[in-house]
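K.L.:
Have a look at this one before I ask anything.
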Amino acid sequence: MDLDKAAGLIESEYQFFTRVHPKWSLTKGPQDMELVAHALRVILHMGKAGESLPEYLALIKTQHADGGWGRESQEKESAAWVSAFCGLMLIRANTVLKDAEIEKSVCKSIDYFLNQQKENGRWVDSEWGDLDTTSHPVSFFNVVMALGSQKMKDAVRSSWRKGLRFILDGQSADGGWYDPVFQPSGVETTAHLVQDSVIASLSIPDGLPVRPACEKGLRWILAHQDADGSWDEKNEDHTMDCTRSTLLISKMLGAEEKARGPIEKAMEWIVTNKNPEGWPDFPGMETNLERTCDGLDVLLKYQAWRQADSKEVVRRWGYVPGEPTFLRGVAAGV
Amino acid sequence: MGVTVDGKEVALFNVEGRYYAVGGRCPHRSGPLAKGKVERVEGKPAIRCPLHGWLFELETGRCLTRPGAGVPSYPVECREDGVFLGAPHGEVSGPSPSGQIG
């Protein structure tokens with residue numbers, strides 16, 4: 001994809017995203033927390049976290065005493081999947097914001113997951129399969145291991161490795177991860193697990209040996225792409241998941257050449273099958289704001305994937321220790 | 001297929017000649033059930049949400065993957081002049097979306 005075209009789309013979609021601010025911002029009232037987390041990821045990857053402190057402070061205000069978050073901002077019961085997404089957004093944003101209250105909130109979030117983990121390493125959430133649920137705290141802990149303080153790292157290390165082991169043990173011989181109850185096709189689960197949980201160990205000290213699992217996972221994802229470039233029968237969400245996963249895995253495994261064709265085809269499908277403003281769940285449907293956040297995220301990660309610096313795309317997952325760049329100017333300038 | 005009846009989204013299915021109609025959106029993350037795949041569970045047809053795999057029995061709207069959850073199900077009548085939906089089961093409030101589809 002032409003990088004100017006990608007940059008133009010990012011610009012126009014970000015304008016749309018900011019115009020609908022009241023629909024996703026906790027500073028404006030109660031919200032769906034998954035949407036909030038998706039929106040905060042856009043802010044982060046657009047390089048806007050430094051000027052968005054009120055959004056993150058509002059997130060802290062909705063954190064429960066146990067350290068988790070509810071599916072809705074007013075819901076009293078914490079849920080693992082969305083709590084991990086929120087904790088992840090806070091620790092990543094705080095590499096820019098360096099706010100003491102956010103740091104405390106991240107520590108509370110860590111405690112929540114340490115307390116909720118089951119004996120065999122998994123986490124549970126009634127709305128998601130165990131593999132998908134577990135991938136999110138592991139993803140959060142990946143980033144704690146990459147960006148957190150030494151105290152945080154020491155706190156999560158054992159739990160993180162147990163969670164990762166649960167996921168590695170769940171990989172099928174063909175390279176995919178399947179959830180017989182929630183995701184028999186395995187497309188979304190595989191795309192989530194390999195990018196959110198498994199691959200990070202390649203760049204984090206103390207990780208488990210994961211290269212063979214990632215190679216098999218990438219092969220599985222590429223083998224399941226449809227001829228038109230999409231995945232899972234034109235499912236925009238799953239196509240975006242698989243595309244992002246391929247961007248990251250291919251770069252970290254040094255398999256860009258093998259993945260270039262499928263990535264370009266997927267990106268073309270994603271930008272062709274959007275609405276004038278935003279993205280739908282399936283082509284032809286109305287715009288879904290959460291999907292729009294995903295669409296922006298894919299474009300931003302694709303920009304980073306095109307960078308000569310092979311770590312630039314990995315930084316978009318928070319797996320690289322040290323200061324993040326998240327500067328769009330850098331990404332767009334190559 | 002997805003249709004709108006009295007302002008409500010409904011997912012309509014023809015499974016081997018028999019019609020089923022259920023609420024159009026999954027209660028989990030509002031996935032469009034009309035885009036899901038029909039499966040057989042213990043011989044009965046069920047629809048799997050295309051977003052995150054929640055499974056609903058087509059006859060009753062009962063969620064088979066999360067106890068207690070569900071979508072409204074509508075009695076369907078096929079006549080020469082069109083397909084008609086009755087008042088929904090599994091919904092305790094709200095206006096009746098009964099009406100003709102086509």
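Going by the structure tokens order, chains are called A, B, ..., each with residues numbered from 1, while ligands are numbered from 1 in the order shown.
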Excluding A:Thr95 and residues on its chain fewer than 5 positions from it, collect all residues at most 12 Å away from it, counting only C-alpha atoms, and give them as a list in words.
P.N.:
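The filter keeps Leu44, Gly47, Ala49, Gly50, Leu88, Met89, Leu90, Ala100, Ile102, Glu103, Val106, Val143, Val144, Ala146, Leu147, Gly148, Ser149, Arg315, Gly318, Val320, Pro321, Gly322, Glu323, Pro324, Thr325 and Phe326 of chain A.
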K.L.:
Any idea what's packed within 12 Å of B:Val41, counting only C-alpha atoms, ignoring anything in its chain fewer than 2 positions away? Could you give it as a list of chain:residue names?
P.N.:
A:Val181, B:Val38, B:Glu39, B:Gly43, B:Lys44, B:Pro45, B:Ala46, B:Ile47, B:Arg48, B:Leu55, B:Phe56, B:Glu57, B:Leu58, B:Glu59, B:Cys63, B:Leu64, B:Thr65
K.L.:
Give me the residues of chain A that have any atom at most 10 Å from an atom of chain B; for each, the nearest atom pair and the distance in Å, rounded to one decimal. Use only C-alpha atoms, sort by chain and number, and format it as a Markdown table.
P.N.:
```
| residue | atom | partner | partner_atom | distance |
| --- | --- | --- | --- | --- |
| A:Glu34 | CA | B:Arg29 | CA | 9.6 |
| A:Ser126 | CA | B:Arg66 | CA | 7.3 |
| A:Glu127 | CA | B:His28 | CA | 7.3 |
| A:Trp128 | CA | B:His52 | CA | 7.8 |
| A:Gly129 | CA | B:His52 | CA | 9.1 |
| A:Asp179 | CA | B:Gly53 | CA | 9.2 |
| A:Pro180 | CA | B:Gly53 | CA | 9.4 |
| A:Val181 | CA | B:Thr65 | CA | 6.5 |
| A:Phe182 | CA | B:Gly53 | CA | 4.3 |
| A:Gln183 | CA | B:Gly53 | CA | 5.3 |
| A:Pro184 | CA | B:Gly53 | CA | 7.9 |
| A:Ser185 | CA | B:Gly53 | CA | 9.2 |
| A:Glu188 | CA | B:His52 | CA | 8.1 |
| A:Thr189 | CA | B:His52 | CA | 9.2 |
| A:Asp232 | CA | B:Pro50 | CA | 8.5 |
| A:Glu233 | CA | B:Pro50 | CA | 9.2 |
| A:Lys234 | CA | B:Lys35 | CA | 9.9 |
| A:Asn235 | CA | B:Pro50 | CA | 7.5 |
| A:Glu236 | CA | B:Leu51 | CA | 9.4 |
| A:Asp237 | CA | B:Leu51 | CA | 7.4 |
| A:His238 | CA | B:Leu51 | CA | 7.9 |
| A:Asp281 | CA | B:Gly31 | CA | 7.6 |
| A:Phe282 | CA | B:Lys35 | CA | 8.2 |
| A:Met285 | CA | B:Pro32 | CA | 9.2 |
| A:Asn288 | CA | B:Ser30 | CA | 9.8 |
```
K.L.:
Leaving out A:Thr62 and any residue of its chain fewer than 3 positions from it, which residues lie within 10 Å of it when counting only C-alpha atoms, given as a PyMOL selection string?
P.N.:
chain A and resi 26+30+33+57-59+65+67-70+72-76
K.L.:
Go ahead and write the selection's residues with N, CA, C and O atoms as a CSV table (one decimal), in the first residue's frame.
P.N.:
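Once everything was written out, this is result-v7.csv:
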```csv
chain,number,residue,atom,x,y,z
A,26,LEU,N,-14.4,8.5,28.7
A,26,LEU,CA,-14.9,8.4,30.1
A,26,LEU,C,-15.1,9.8,30.7
A,26,LEU,O,-15.7,10.0,31.7
A,30,PRO,N,-20.5,7.6,31.4
A,30,PRO,CA,-20.3,6.1,31.4
A,30,PRO,C,-20.1,5.6,30.0
A,30,PRO,O,-20.6,6.1,29.0
A,33,MET,N,-16.3,-0.3,28.4
A,33,MET,CA,-14.9,-0.3,28.7
A,33,MET,C,-14.0,-0.9,27.6
A,33,MET,O,-12.8,-0.5,27.5
A,57,LEU,N,-6.7,9.5,33.6
A,57,LEU,CA,-7.1,9.7,34.9
A,57,LEU,C,-8.6,9.2,35.1
A,57,LEU,O,-9.0,8.7,36.1
A,58,ALA,N,-9.4,9.5,34.1
A,58,ALA,CA,-10.8,9.0,34.1
A,58,ALA,C,-10.8,7.5,34.2
A,58,ALA,O,-11.7,6.9,34.8
A,59,LEU,N,-9.9,6.8,33.5
A,59,LEU,CA,-9.8,5.4,33.5
A,59,LEU,C,-9.5,4.9,34.9
A,59,LEU,O,-10.1,3.9,35.4
A,65,ALA,N,-11.9,-1.6,43.6
A,65,ALA,CA,-11.0,-1.8,44.7
A,65,ALA,C,-10.1,-3.1,44.6
A,65,ALA,O,-9.0,-3.1,45.0
A,67,GLY,N,-8.8,-4.0,41.9
A,67,GLY,CA,-7.8,-3.7,40.8
A,67,GLY,C,-8.3,-3.9,39.4
A,67,GLY,O,-7.6,-3.6,38.5
A,68,GLY,N,-9.5,-4.5,39.3
A,68,GLY,CA,-10.0,-4.8,38.0
A,68,GLY,C,-11.0,-3.7,37.5
A,68,GLY,O,-11.2,-2.7,38.2
A,69,TRP,N,-11.5,-3.9,36.3
A,69,TRP,CA,-12.6,-3.1,35.7
A,69,TRP,C,-13.7,-3.9,35.3
A,69,TRP,O,-13.6,-5.1,35.0
A,70,GLY,N,-14.9,-3.3,35.2
A,70,GLY,CA,-16.1,-3.9,34.7
A,70,GLY,C,-16.2,-3.8,33.2
A,70,GLY,O,-15.5,-3.0,32.6
A,72,GLU,N,-18.7,-2.6,31.7
A,72,GLU,CA,-19.2,-1.2,31.6
A,72,GLU,C,-18.6,-0.4,32.7
A,72,GLU,O,-18.4,-0.9,33.8
A,73,SER,N,-18.4,0.9,32.5
A,73,SER,CA,-17.8,1.7,33.5
A,73,SER,C,-18.5,1.7,34.8
A,73,SER,O,-17.9,1.9,35.9
A,74,GLN,N,-19.8,1.5,34.8
A,74,GLN,CA,-20.6,1.6,36.0
A,74,GLN,C,-20.8,0.2,36.6
A,74,GLN,O,-21.4,0.1,37.7
A,75,GLU,N,-20.4,-0.9,35.9
A,75,GLU,CA,-20.6,-2.2,36.4
A,75,GLU,C,-19.7,-2.5,37.6
A,75,GLU,O,-18.5,-2.1,37.6
A,76,LYS,N,-20.2,-3.1,38.6
A,76,LYS,CA,-19.4,-3.3,39.9
A,76,LYS,C,-18.5,-4.5,39.8
A,76,LYS,O,-17.5,-4.6,40.6
```
K.L.:
I'd like to know which residues of stretch 41-283 of chain A are helix (DSSP H, G or I) (by DSSP, run on the backbone); could you write them as a VMD selection string?
P.N.:
chain A and resid 41 to 45 49 to 51 53 to 61 80 to 97 100 to 116 130 to 147 150 to 169 187 to 202 211 to 223 236 to 253 256 to 272
K.L.:
Which neighbours of A:Leu9 fall inside 9 Å, counting only C-alpha atoms, when residues of the same chain fewer than 3 positions from it are skipped, and could you give them as a PyMOL selection string?
P.N.:
chain A and resi 4-6+12-14+271+296+299
K.L.:
Under the rule that only C-alpha atoms are counted, which of A:Phe85, A:Trp231, A:Tyr178, A:Trp24 is the nearest residue to A:Pro262?
P.N.:
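Checking each candidate against A:Pro262, we get A:Trp231 as the closest.
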K.L.:
Excluding B:Glu9 and any residue of its chain fewer than 5 positions from it, enumerate the residues within 12 Å of it, using only C-alpha atoms, and give them as a list in words.
P.N.:
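The neighbour list is Met1, Gly2, Val3, Thr4, Ala21, Val22, Gly23, Gly24, Arg25, Cys26, Ser30, Gly31, Pro32, Leu33, Ala34, Val71, Pro72, Ser73, Tyr74, Pro97, Ser98 and Ile101 of chain B.
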K.L.:
Find the distance between atom CA of A:Ile221 and atom CA of A:Arg71 and write it in Å to one decimal.
P.N.:
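Going from atom CA of A:Ile221 over to atom CA of A:Arg71, I get 29.1 Å.
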K.L.:
What are the DSSP strand (DSSP E or B) residues of chain B, as number ranges by chain?
P.N.:
B: 2-5, 8-15, 18-23, 25, 32, 37-41, 44-48, 55-57, 62-63, 70, 73-74, 76-79, 82-85, 89, 99-100
K.L.:
Atom CA of A:Pro22 and atom CA of A:Gly87 are how many Å apart?
P.N.:
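These two atoms are separated by 22.0 Å.
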K.L.:
Just checking: using only C-alpha atoms, which residue out of B:Pro27, B:Tyr19, B:Gly7, B:Phe13 ends up closest to B:Pro75?
P.N.:
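The answer is B:Tyr19, which sits nearest to B:Pro75.
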